[in-house]
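**Q** What follows is a single structure, and I will ask about it in a moment.
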Amino acid sequence: MNRNFIAMLGIVTALLMVAALYMAFLYVPNEATQGIVQRIFYFHVPCAWVAFAGFGLVAIAGALYLWLGDQIWDDLGQAAAETGMVFCTLVLITGSIWAKPIWGVWWTWDSRLTTTLLLWLMYGGYLMLRAAADETPQSARVAAVLGIIAALDVPVVIVSVRLWRTIHPAVLVTRQGGHGLEDPRMVATLLVAMAAFTALFAWLLILRLATLRTRARLNRLTLEIALAEAGD
């Protein structure tokens, strides 16, 4: 990985995060119904977006690994799963913090909450498999299949508010059903926050992928040295 690119991406990420924090806490007005509590929205929604993107990338990388068998796709899938899990965990945490003052409970078995928890559990199982299994092509293929299957829950989470009865808001930018971003400053803040969290996800993903690629090279060197010593 190009160190200059990683450093530049880190700087851009930091600047975007500072801008997002400023806009979320100082620039954007309070929402008329929920008040100041609604500001957590500008962290909750971007975390959900990058978590879904990460798990989608796991599925794509898994499919490419099953097709091509190249180690880089396996490493990318693992890096995306680990990074996606960070943000999926933040989705559940920020959602619970938001739910308590608005719904009166930390958790309810709402359709979107339940399907998101299921997504978190499935990728938790994926990471447990990666941690427990040996680093063999067979284990990588099993993990790839699991990552693809688990990703099928992402569209279910997205459409769950329309498939089942729910108290979770279904609309973001329109005012249908009383929900939405009625002030242009809210839309601008959301867009900046989305950009900031997307950049953060990309930066963390690249750092983790670089670590996994280095580990793969070390494993190859270790195997080559062991084979050379055995030949002597």
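Each chain in the structure tokens gets a letter, A, B and so on, in the order shown; residues start at 1 in every chain, and ligands are counted from 1 in the order they appear.
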At a cut-off of 9 Å, using only C-alpha atoms, what residues contact Leu190 in chain A? Leave out same-chain residues fewer than 6 positions from it and give the result as number ranges by chain.
**A** A: 20, 23-24, 41-43, 45-46
**Q** Please provide as JSON, numbers by chain all residues within 9 Å of Ala150 in chain A, with the sequence filter that same-chain residues fewer than 5 positions apart are discarded (counting only C-alpha atoms).
**A** {"A": [55, 59, 118, 119, 122, 123, 126, 145]}
**Q** Can I get the selected residues back with N, CA and C atoms, as a short mmCIF file (atom, residue, chain, number, x, y, z; two decimals), in the first residue's frame?
**A**
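Once written, result26.cif looks like this:
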```
data_model
loop_
_atom_site.label_atom_id
_atom_site.label_comp_id
_atom_site.auth_asym_id
_atom_site.auth_seq_id
_atom_site.Cartn_x
_atom_site.Cartn_y
_atom_site.Cartn_z
N PHE A 55 -20.26 -4.97 4.46
CA PHE A 55 -20.74 -6.35 4.33
C PHE A 55 -21.01 -6.70 2.87
N ALA A 59 -19.21 -9.84 0.59
CA ALA A 59 -19.84 -10.76 -0.36
C ALA A 59 -19.15 -10.71 -1.72
N LEU A 118 -29.52 -9.53 13.75
CA LEU A 118 -29.22 -10.79 13.08
C LEU A 118 -28.00 -10.64 12.18
N LEU A 119 -27.91 -9.50 11.48
CA LEU A 119 -26.76 -9.24 10.63
C LEU A 119 -25.47 -9.21 11.46
N MET A 122 -24.51 -12.76 12.54
CA MET A 122 -23.97 -13.58 11.45
C MET A 122 -22.52 -13.21 11.14
N TYR A 123 -22.23 -11.92 11.10
CA TYR A 123 -20.85 -11.54 10.83
C TYR A 123 -19.96 -11.74 12.04
N TYR A 126 -18.96 -15.13 11.43
CA TYR A 126 -17.94 -15.12 10.37
C TYR A 126 -16.56 -14.85 10.97
N VAL A 145 -18.25 -18.33 1.64
CA VAL A 145 -19.66 -18.71 1.49
C VAL A 145 -20.49 -18.10 2.61
#
```
**Q** Got a sec: who's within 8 Å of Thr115 in chain A, counting only C-alpha atoms, leaving out chain neighbours fewer than 3 positions off, as a ChimeraX atom specification?
**A** /A:111-112,118-119,153,156-157,160
**Q** Using only C-alpha atoms, which residues sit within 12 Å of range 133-135 of chain A once same-chain residues fewer than 5 positions away are excluded, as a list of chain:residue names?
**A**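 In the requested format, the answer is A:Gln71, A:Asp74, A:Asp75, A:Gln78, A:Gly125, A:Tyr126, A:Leu127, A:Met128, A:Ala140, A:Arg141, A:Val142, A:Ala143, A:Leu212, A:Arg215, A:Ala216, A:Asn219, A:Arg220.
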**Q** Since we have the selection now, will you write its residues out, keeping C-alpha atoms, as a short mmCIF file (atom, residue, chain, number, x, y, z; two decimals), in the first residue's frame?
**A**
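This is the output file part.cif:
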```
data_model
loop_
_atom_site.label_atom_id
_atom_site.label_comp_id
_atom_site.auth_asym_id
_atom_site.auth_seq_id
_atom_site.Cartn_x
_atom_site.Cartn_y
_atom_site.Cartn_z
CA GLN A 71 -5.47 -14.65 -1.57
CA ASP A 74 -9.82 -13.46 0.93
CA ASP A 75 -7.84 -10.78 2.76
CA GLN A 78 -11.79 -10.40 6.10
CA GLY A 125 -19.95 -15.83 13.53
CA TYR A 126 -17.94 -15.12 10.37
CA LEU A 127 -15.18 -13.47 12.41
CA MET A 128 -15.22 -16.27 15.00
CA ALA A 140 -11.19 -19.38 3.37
CA ARG A 141 -13.79 -20.90 1.04
CA VAL A 142 -16.12 -21.70 3.94
CA ALA A 143 -15.71 -18.14 5.22
CA LEU A 212 -3.36 -8.86 6.33
CA ARG A 215 0.83 -11.36 7.24
CA ALA A 216 0.21 -13.34 4.05
CA ASN A 219 3.39 -16.81 5.94
CA ARG A 220 4.66 -17.48 2.42
#
```
**Q** Take CA of Leu204 in chain A and CA of Ala53 in chain A and report the distance between them in Å, one decimal.
**A** 13.4 Å
**Q** Quote the spacing between CA of Gln34 in chain A and CA of Ile102 in chain A in Å to one decimal place.
**A**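 Taking CA of Gln34 in chain A and CA of Ile102 in chain A, their separation equals 7.2 Å.
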**Q** Rank A:Thr189, A:Thr108, A:Thr116, A:Thr136 by their smallest atom-to-atom distance to Val159 in chain A, using only C-alpha atoms, and report the top residue only.
**A**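 Among the listed residues, the smallest separation from Val159 in chain A belongs to A:Thr116.
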**Q** Could you work out how far CA of Ile206 in chain A lies from CA of Gly84 in chain A, giving the answer in Å with one decimal?
**A**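 Here the two named atoms are 12.6 Å from each other.
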**Q** Have a look at A:Met85, A:Ile158, A:Leu57, A:Val37 and name the one nearest to Trp73 in chain A; count only C-alpha atoms.
**A**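 Residue with the minimum atom-to-atom distance to Trp73 in chain A: A:Leu57.
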**Q** Write down as a VMD selection string the residues belonging to range 37-210 of chain A that are assigned alpha helix (DSSP H) by DSSP computed on the backbone.
**A** chain A and resid 41 to 68 71 to 103 111 to 132 137 to 151 153 to 163 184 to 210
**Q** Have a look at A:Cys47, A:Leu218, A:Val28, A:Ala228 and name the one nearest to Ala199 in chain A; count only C-alpha atoms.
**A**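 Closest to Ala199 in chain A, using only C-alpha atoms: A:Cys47.
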**Q** Taking only C-alpha atoms into account, name the residue in A:Thr198, A:Met8, A:Arg39, A:Leu121 that is nearest to Tyr22 in chain A.
**A**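 Looking at the shortest contact to Tyr22 in chain A, the residue is A:Arg39.
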**Q** So that I can see what lies close to Phe201 in chain A, please list as a PyMOL selection string the residues with an atom at most 12 Å from it, counting only C-alpha atoms and leaving out residues fewer than 2 positions away in the same chain.
**A** chain A and resi 9-10+13-14+17+46-55+57+79-88+194-199+203-209
